[in-house]
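Have a look at the structure below, then the notes.
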Amino acid sequence: MVDIKSMNLEEMRTYFQEIGEPSFRAKQVFTWLHRGARSFDEMSNLAKVLRCKLSQACRITVPTVARKQESRLDGTIKYLWELQDGNCIETVLMKYHHGNTVCISSQVGCRMGCAFCASTVAGRVRDLTASEMLDQVLFTQLDSGRQISNIVLMGIGEPLDNRDNVLKFLELVNHHDGMNIGMRHISLSTCGVIPGIEYLAQQHFQLTLSVSLHAPDSETRSRIMPVNKKYDVEELFAVCHRYFEMTGRRISFEYAMIDGVNDHDWQADLIAKRLAGMPGHVNLIPLNNVVESPFKPSRRVAAFQKRLESHGIATTVRRSLGGDIDASCGQLRRKALEEKEGNSRQ
Ligand code: SAH
């Protein structure tokens, strides 16, 4: 069965020609799909025979809400979506003063192995299709009734480990006949997959790149992020400089503060040294406790921030949303999996 929602308009036109239908039908179907149509039967401006023909050849991805938790503190909503093959993924909807931001997953699980992250504990199951990423935005908007203005690819998975589908998703969600969300309203977060960053730089996308840095020195970074053994942090900084030169876009560096591991002043000094010549922004994240991990939240967030700022580095400390609903980093999916396996840890 053809995953028709993963097609861009051009591909859909070609597809309609191939099945002997006029290509203008493509735009009609594209529009229906991007408004959240769940079946071809809903597409009332298509002839019944065509609807029937399409439903025999194509499938329309539609996730179902397996769980939904709404924070009483700040209105954050966390969805656990069940996909058509029974896999579950998380999406988080957050309210900011500048609008609603949705944080979406790019893979079922993750194989990057960061030592502090819940999403990677059981490895990667599979990549998400472009349609499954689009669905997270589309059905979160439809279910919540809140207009989504910003997207962050910061949920479960490593977007640059699923590059082609992610790029296709960006094209779809950005399309003016679809959700029409501007590239400048989209952030992509990576643990540092260098060829992927290089590719984005060449494309001159206007999206915001977030790099999960978490340590500026090879030794510490390799200890907490296995990806560093393949793509060393020195080379990562080099590619970030190239990215800035090529796109003119400021990179945001994510830095989860871990007690006694990456919160020393010398590490702040090293960040400043490596960023010299580039207007980076460091987002300090109070570490979320993950049951499976031995790491504890740092008590030096303010001191570390001060040290960075003394070097002229722009910093923020991430405001934590949805603290009452396990809204971070693969925690809800883990919980659901554990309950399924009947070994839920309290
Ligand atoms: N794979 C991508 C995107 C998903 S993770 C990446 O690595 O960037 C989204 C962000 O949450 C990353 O910066 C990740 O390092 C961070 N993160 C993961 N577990 C965390 C935890 N326990 N506490 C704080 N931040 C965490």
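By convention here, the chains of the structure tokens are called A, B, ... in the order presented, each chain's residues are numbered starting at 1, and ligands are numbered starting at 1 in the order presented.
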
Protein and nucleic acid residues within 8 Å of ligand 1 (only C-alpha atoms and all ligand atoms) as a PDB file with N, CA, C and O atoms, in the first residue's frame:
```pdb
ATOM      1  N   SER A 105       8.375  13.618  17.727  1.00  0.00           N
ATOM      2  CA  SER A 105       9.355  12.536  17.646  1.00  0.00           C
ATOM      3  C   SER A 105       9.702  12.258  16.186  1.00  0.00           C
ATOM      4  O   SER A 105       8.869  12.466  15.296  1.00  0.00           O
ATOM      5  N   CYS A 110      15.439   5.250  19.859  1.00  0.00           N
ATOM      6  CA  CYS A 110      16.618   5.970  19.388  1.00  0.00           C
ATOM      7  C   CYS A 110      17.825   5.079  19.602  1.00  0.00           C
ATOM      8  O   CYS A 110      17.875   4.306  20.549  1.00  0.00           O
ATOM      9  N   MET A 112      21.074   6.340  19.628  1.00  0.00           N
ATOM     10  CA  MET A 112      22.249   7.169  19.886  1.00  0.00           C
ATOM     11  C   MET A 112      22.878   6.885  21.249  1.00  0.00           C
ATOM     12  O   MET A 112      24.035   7.188  21.476  1.00  0.00           O
ATOM     13  N   CYS A 114      22.627   8.132  24.388  1.00  0.00           N
ATOM     14  CA  CYS A 114      23.033   9.121  25.403  1.00  0.00           C
ATOM     15  C   CYS A 114      22.690   8.581  26.797  1.00  0.00           C
ATOM     16  O   CYS A 114      21.580   8.094  27.029  1.00  0.00           O
ATOM     17  N   PHE A 116      22.019   9.756  29.629  1.00  0.00           N
ATOM     18  CA  PHE A 116      21.081  10.407  30.547  1.00  0.00           C
ATOM     19  C   PHE A 116      19.665  10.444  29.983  1.00  0.00           C
ATOM     20  O   PHE A 116      18.779  11.060  30.545  1.00  0.00           O
ATOM     21  N   CYS A 117      19.441   9.802  28.831  1.00  0.00           N
ATOM     22  CA  CYS A 117      18.186  10.007  28.107  1.00  0.00           C
ATOM     23  C   CYS A 117      17.315   8.756  28.104  1.00  0.00           C
ATOM     24  O   CYS A 117      17.788   7.656  27.812  1.00  0.00           O
ATOM     25  N   ALA A 118      16.036   8.950  28.424  1.00  0.00           N
ATOM     26  CA  ALA A 118      15.103   7.817  28.529  1.00  0.00           C
ATOM     27  C   ALA A 118      14.711   7.261  27.158  1.00  0.00           C
ATOM     28  O   ALA A 118      14.335   6.099  27.055  1.00  0.00           O
ATOM     29  N   SER A 119      14.807   8.105  26.116  1.00  0.00           N
ATOM     30  CA  SER A 119      14.318   7.671  24.796  1.00  0.00           C
ATOM     31  C   SER A 119      15.137   6.551  24.192  1.00  0.00           C
ATOM     32  O   SER A 119      14.691   5.843  23.309  1.00  0.00           O
ATOM     33  N   LEU A 153      11.814  19.630  16.572  1.00  0.00           N
ATOM     34  CA  LEU A 153      12.109  18.201  16.398  1.00  0.00           C
ATOM     35  C   LEU A 153      13.044  17.822  17.535  1.00  0.00           C
ATOM     36  O   LEU A 153      14.260  17.729  17.366  1.00  0.00           O
ATOM     37  N   MET A 154      12.439  17.649  18.709  1.00  0.00           N
ATOM     38  CA  MET A 154      13.220  17.397  19.921  1.00  0.00           C
ATOM     39  C   MET A 154      12.620  16.285  20.749  1.00  0.00           C
ATOM     40  O   MET A 154      12.936  16.141  21.924  1.00  0.00           O
ATOM     41  N   GLY A 155      11.701  15.541  20.141  1.00  0.00           N
ATOM     42  CA  GLY A 155      11.092  14.433  20.875  1.00  0.00           C
ATOM     43  C   GLY A 155      11.969  13.196  20.774  1.00  0.00           C
ATOM     44  O   GLY A 155      13.194  13.289  20.668  1.00  0.00           O
ATOM     45  N   ILE A 156      11.329  12.043  20.756  1.00  0.00           N
ATOM     46  CA  ILE A 156      12.085  10.789  20.685  1.00  0.00           C
ATOM     47  C   ILE A 156      12.754  10.656  19.316  1.00  0.00           C
ATOM     48  O   ILE A 156      12.149  10.960  18.291  1.00  0.00           O
ATOM     49  N   GLY A 157      14.017  10.194  19.344  1.00  0.00           N
ATOM     50  CA  GLY A 157      14.710   9.919  18.082  1.00  0.00           C
ATOM     51  C   GLY A 157      15.740  10.967  17.722  1.00  0.00           C
ATOM     52  O   GLY A 157      15.776  12.065  18.291  1.00  0.00           O
ATOM     53  N   GLU A 158      16.596  10.597  16.777  1.00  0.00           N
ATOM     54  CA  GLU A 158      17.620  11.512  16.265  1.00  0.00           C
ATOM     55  C   GLU A 158      17.226  11.878  14.830  1.00  0.00           C
ATOM     56  O   GLU A 158      17.334  11.048  13.922  1.00  0.00           O
ATOM     57  N   PRO A 159      16.772  13.123  14.622  1.00  0.00           N
ATOM     58  CA  PRO A 159      16.278  13.499  13.293  1.00  0.00           C
ATOM     59  C   PRO A 159      17.286  13.265  12.170  1.00  0.00           C
ATOM     60  O   PRO A 159      16.896  12.883  11.070  1.00  0.00           O
ATOM     61  N   LEU A 160      18.576  13.474  12.455  1.00  0.00           N
ATOM     62  CA  LEU A 160      19.546  13.322  11.374  1.00  0.00           C
ATOM     63  C   LEU A 160      19.968  11.862  11.180  1.00  0.00           C
ATOM     64  O   LEU A 160      20.750  11.551  10.287  1.00  0.00           O
ATOM     65  N   LEU A 188      15.355  22.111  14.724  1.00  0.00           N
ATOM     66  CA  LEU A 188      15.757  20.701  14.633  1.00  0.00           C
ATOM     67  C   LEU A 188      16.908  20.490  15.597  1.00  0.00           C
ATOM     68  O   LEU A 188      17.884  21.241  15.587  1.00  0.00           O
ATOM     69  N   SER A 189      16.763  19.496  16.454  1.00  0.00           N
ATOM     70  CA  SER A 189      17.799  19.238  17.449  1.00  0.00           C
ATOM     71  C   SER A 189      18.546  17.954  17.122  1.00  0.00           C
ATOM     72  O   SER A 189      17.938  16.926  16.840  1.00  0.00           O
ATOM     73  N   THR A 190      19.866  18.035  17.143  1.00  0.00           N
ATOM     74  CA  THR A 190      20.673  16.835  16.847  1.00  0.00           C
ATOM     75  C   THR A 190      21.731  16.613  17.928  1.00  0.00           C
ATOM     76  O   THR A 190      22.227  17.575  18.524  1.00  0.00           O
ATOM     77  N   CYS A 191      22.068  15.358  18.130  1.00  0.00           N
ATOM     78  CA  CYS A 191      23.129  15.034  19.088  1.00  0.00           C
ATOM     79  C   CYS A 191      24.508  15.244  18.454  1.00  0.00           C
ATOM     80  O   CYS A 191      25.524  15.044  19.110  1.00  0.00           O
ATOM     81  N   GLY A 192      24.527  15.639  17.171  1.00  0.00           N
ATOM     82  CA  GLY A 192      25.811  15.957  16.544  1.00  0.00           C
ATOM     83  C   GLY A 192      26.194  15.029  15.411  1.00  0.00           C
ATOM     84  O   GLY A 192      27.353  14.607  15.309  1.00  0.00           O
ATOM     85  N   SER A 210      19.554  23.205  16.594  1.00  0.00           N
ATOM     86  CA  SER A 210      19.960  23.024  17.991  1.00  0.00           C
ATOM     87  C   SER A 210      20.949  21.882  18.038  1.00  0.00           C
ATOM     88  O   SER A 210      20.696  20.828  17.444  1.00  0.00           O
ATOM     89  N   VAL A 211      22.044  22.078  18.709  1.00  0.00           N
ATOM     90  CA  VAL A 211      23.017  21.002  18.855  1.00  0.00           C
ATOM     91  C   VAL A 211      23.077  20.609  20.326  1.00  0.00           C
ATOM     92  O   VAL A 211      23.281  21.456  21.200  1.00  0.00           O
ATOM     93  N   SER A 212      22.859  19.332  20.588  1.00  0.00           N
ATOM     94  CA  SER A 212      22.941  18.849  21.970  1.00  0.00           C
ATOM     95  C   SER A 212      24.413  18.668  22.305  1.00  0.00           C
ATOM     96  O   SER A 212      25.029  17.685  21.912  1.00  0.00           O
ATOM     97  N   LEU A 213      24.947  19.645  22.998  1.00  0.00           N
ATOM     98  CA  LEU A 213      26.391  19.656  23.259  1.00  0.00           C
ATOM     99  C   LEU A 213      26.710  18.833  24.514  1.00  0.00           C
ATOM    100  O   LEU A 213      27.422  17.854  24.460  1.00  0.00           O
ATOM    101  N   HIS A 214      26.221  19.269  25.622  1.00  0.00           N
ATOM    102  CA  HIS A 214      26.296  18.572  26.921  1.00  0.00           C
ATOM    103  C   HIS A 214      27.703  18.402  27.482  1.00  0.00           C
ATOM    104  O   HIS A 214      27.838  18.061  28.662  1.00  0.00           O
ATOM    105  N   GLU A 254      22.331  22.944  23.281  1.00  0.00           N
ATOM    106  CA  GLU A 254      21.610  22.419  24.444  1.00  0.00           C
ATOM    107  C   GLU A 254      22.634  21.851  25.435  1.00  0.00           C
ATOM    108  O   GLU A 254      23.582  21.167  25.036  1.00  0.00           O
ATOM    109  N   TYR A 255      22.401  22.115  26.699  1.00  0.00           N
ATOM    110  CA  TYR A 255      23.376  21.676  27.693  1.00  0.00           C
ATOM    111  C   TYR A 255      22.648  21.261  28.969  1.00  0.00           C
ATOM    112  O   TYR A 255      22.263  22.091  29.779  1.00  0.00           O
ATOM    113  N   ALA A 256      22.420  19.948  29.101  1.00  0.00           N
ATOM    114  CA  ALA A 256      21.743  19.421  30.300  1.00  0.00           C
ATOM    115  C   ALA A 256      22.766  19.327  31.429  1.00  0.00           C
ATOM    116  O   ALA A 256      23.787  18.654  31.298  1.00  0.00           O
ATOM    117  N   MET A 257      22.505  20.014  32.502  1.00  0.00           N
ATOM    118  CA  MET A 257      23.513  20.142  33.552  1.00  0.00           C
ATOM    119  C   MET A 257      23.497  18.947  34.506  1.00  0.00           C
ATOM    120  O   MET A 257      22.528  18.710  35.208  1.00  0.00           O
ATOM    121  N   ILE A 285      19.898  23.302  30.582  1.00  0.00           N
ATOM    122  CA  ILE A 285      18.699  22.535  30.919  1.00  0.00           C
ATOM    123  C   ILE A 285      18.914  21.840  32.260  1.00  0.00           C
ATOM    124  O   ILE A 285      19.847  21.037  32.390  1.00  0.00           O
ATOM    125  N   PRO A 286      18.088  22.151  33.233  1.00  0.00           N
ATOM    126  CA  PRO A 286      18.195  21.365  34.469  1.00  0.00           C
ATOM    127  C   PRO A 286      17.911  19.901  34.126  1.00  0.00           C
ATOM    128  O   PRO A 286      16.894  19.604  33.501  1.00  0.00           O
ATOM    129  N   LEU A 287      18.821  19.008  34.457  1.00  0.00           N
ATOM    130  CA  LEU A 287      18.667  17.594  34.061  1.00  0.00           C
ATOM    131  C   LEU A 287      17.369  17.022  34.622  1.00  0.00           C
ATOM    132  O   LEU A 287      17.043  17.205  35.788  1.00  0.00           O
ATOM    133  N   ASN A 288      16.636  16.349  33.758  1.00  0.00           N
ATOM    134  CA  ASN A 288      15.460  15.624  34.232  1.00  0.00           C
ATOM    135  C   ASN A 288      15.921  14.282  34.753  1.00  0.00           C
ATOM    136  O   ASN A 288      16.669  13.586  34.083  1.00  0.00           O
ATOM    137  N   ASN A 289      15.447  13.948  35.929  1.00  0.00           N
ATOM    138  CA  ASN A 289      15.814  12.642  36.474  1.00  0.00           C
ATOM    139  C   ASN A 289      15.221  11.527  35.644  1.00  0.00           C
ATOM    140  O   ASN A 289      14.050  11.550  35.319  1.00  0.00           O
ATOM    141  N   VAL A 290      16.029  10.580  35.257  1.00  0.00           N
ATOM    142  CA  VAL A 290      15.555   9.423  34.506  1.00  0.00           C
ATOM    143  C   VAL A 290      15.873   8.204  35.358  1.00  0.00           C
ATOM    144  O   VAL A 290      16.994   8.058  35.836  1.00  0.00           O
ATOM    145  N   SER A 328       8.916  14.928  29.695  1.00  0.00           N
ATOM    146  CA  SER A 328      10.208  15.059  29.038  1.00  0.00           C
ATOM    147  C   SER A 328      10.791  13.750  28.546  1.00  0.00           C
ATOM    148  O   SER A 328      10.713  12.721  29.221  1.00  0.00           O
ATOM    149  N   CYS A 329      11.349  13.849  27.354  1.00  0.00           N
ATOM    150  CA  CYS A 329      12.349  12.899  26.880  1.00  0.00           C
ATOM    151  C   CYS A 329      11.994  11.431  27.026  1.00  0.00           C
ATOM    152  O   CYS A 329      12.696  10.660  27.676  1.00  0.00           O
TER     153      CYS A 329
END
```

Among region 17-247 of chain A, which residues carry a DSSP assignment of strand (DSSP E or B), reported as number ranges by chain?
-> A: 58-59, 64-70, 77-82, 88-96, 99-103, 107-109, 124-127, 148-153, 186-190, 208-212

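Near region 21-36 of chain A, within 7 Å and counting only C-alpha atoms, sit Lys5, Leu9, Met12, Arg13, Phe16, Met43, Leu138, Phe139, Asp177, Gly178 and Met179 of chain A, not including residues fewer than 5 positions from it in the same chain.
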
Export N, CA and C atoms of the chosen residues as an mmCIF file, in the first residue's frame?
```
data_model
loop_
_atom_site.group_PDB
_atom_site.id
_atom_site.type_symbol
_atom_site.label_atom_id
_atom_site.label_comp_id
_atom_site.auth_asym_id
_atom_site.auth_seq_id
_atom_site.Cartn_x
_atom_site.Cartn_y
_atom_site.Cartn_z
ATOM 1 N N LYS A 5 0.332 10.081 2.104
ATOM 2 C CA LYS A 5 0.542 11.346 2.817
ATOM 3 C C LYS A 5 2.029 11.722 2.898
ATOM 4 N N LEU A 9 3.562 17.318 -3.322
ATOM 5 C CA LEU A 9 2.547 17.567 -4.349
ATOM 6 C C LEU A 9 2.995 17.069 -5.729
ATOM 7 N N MET A 12 2.769 13.409 -5.915
ATOM 8 C CA MET A 12 1.363 13.014 -5.992
ATOM 9 C C MET A 12 0.819 13.214 -7.410
ATOM 10 N N ARG A 13 1.257 14.292 -8.045
ATOM 11 C CA ARG A 13 0.837 14.538 -9.437
ATOM 12 C C ARG A 13 1.311 13.402 -10.341
ATOM 13 N N PHE A 16 -0.725 10.286 -9.750
ATOM 14 C CA PHE A 16 -2.060 10.306 -10.372
ATOM 15 C C PHE A 16 -1.968 10.043 -11.871
ATOM 16 N N MET A 43 -13.446 12.588 1.162
ATOM 17 C CA MET A 43 -13.041 13.540 0.106
ATOM 18 C C MET A 43 -14.185 13.741 -0.878
ATOM 19 N N LEU A 138 -0.440 17.674 12.855
ATOM 20 C CA LEU A 138 -1.814 17.785 12.382
ATOM 21 C C LEU A 138 -2.832 17.338 13.430
ATOM 22 N N PHE A 139 -2.646 16.144 13.953
ATOM 23 C CA PHE A 139 -3.655 15.614 14.870
ATOM 24 C C PHE A 139 -3.531 16.204 16.274
ATOM 25 N N ASP A 177 -0.089 24.803 0.616
ATOM 26 C CA ASP A 177 -1.391 24.126 0.544
ATOM 27 C C ASP A 177 -1.595 23.165 1.715
ATOM 28 N N GLY A 178 -0.594 23.112 2.586
ATOM 29 C CA GLY A 178 -0.691 22.243 3.759
ATOM 30 C C GLY A 178 -0.762 23.078 5.032
ATOM 31 N N MET A 179 0.038 22.728 6.026
ATOM 32 C CA MET A 179 -0.046 23.461 7.296
ATOM 33 C C MET A 179 0.661 24.810 7.230
#
```

Close residues, Leu83 (chain A) itself excluded, 7 Å, only C-alpha atoms, min 3 positions apart in chain, as an MDAnalysis selection string = chainID A and resid 63:64 86:88

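Distances from A:Arg38, A:Arg163, A:His281, A:Arg299 to Thr316 (chain A) were compared using only C-alpha atoms, and the smallest one belongs to A:His281.
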
With distances taken over only C-alpha atoms, the candidate from A:Ile4, A:Val49, A:Ile224, A:Ala276 nearest Phe237 (chain A) is A:Ala276

Please identify all polymer residues within 7 Å of Ser218 (chain A), counting only C-alpha atoms, omitting same-chain residues fewer than 3 positions from it, and present them as a list in words.
-> Arg221, Ser222, Asp232 and Val233 of chain A

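Checking A:Trp81, A:Phe205, A:Tyr199, A:Phe169 one by one against Asn8 (chain A), counting only C-alpha atoms, you find the shortest gap at A:Phe169.
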
Could you tell me which of A:Met1, A:Ile181, A:Val166, A:Val102 comes closest to Thr61 (chain A) if we count only C-alpha atoms?
-> A:Met1

Could you pull the residues within 10 Å of Phe40 (chain A), counting only C-alpha atoms, minus those fewer than 2 positions along the same chain, as a count of residues only?
-> 19

Spatial neighbours of Ser144 (chain A), 10 Å, only C-alpha atoms, chain gap at least 4 places, as a ChimeraX atom specification | /A:77,93,139-140,148

Out of A:Asn180, A:Leu170, A:His185, A:Asp41, which residue has the shortest atom-to-atom distance to Leu200 (chain A) when counting only C-alpha atoms?
-> A:Leu170

To one decimal place, how far is CA of Leu275 (chain A) from CA of Lys296 (chain A) in Å?
-> 26.6 Å

Please report, as an NGL selection string, each residue of region 169-332 of chain A to which DSSP assigns alpha helix (DSSP H) when run on this structure's backbone.
-> :A and (169-174 or 194-203 or 218-224 or 227-230 or 233-247 or 265-275 or 301-310 or 331-332)

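If you measure from each of A:Gln267, A:Asn228, A:Gln206, A:Gln56 to Val193 (chain A) using only C-alpha atoms, the closest one turns out to be A:Asn228.
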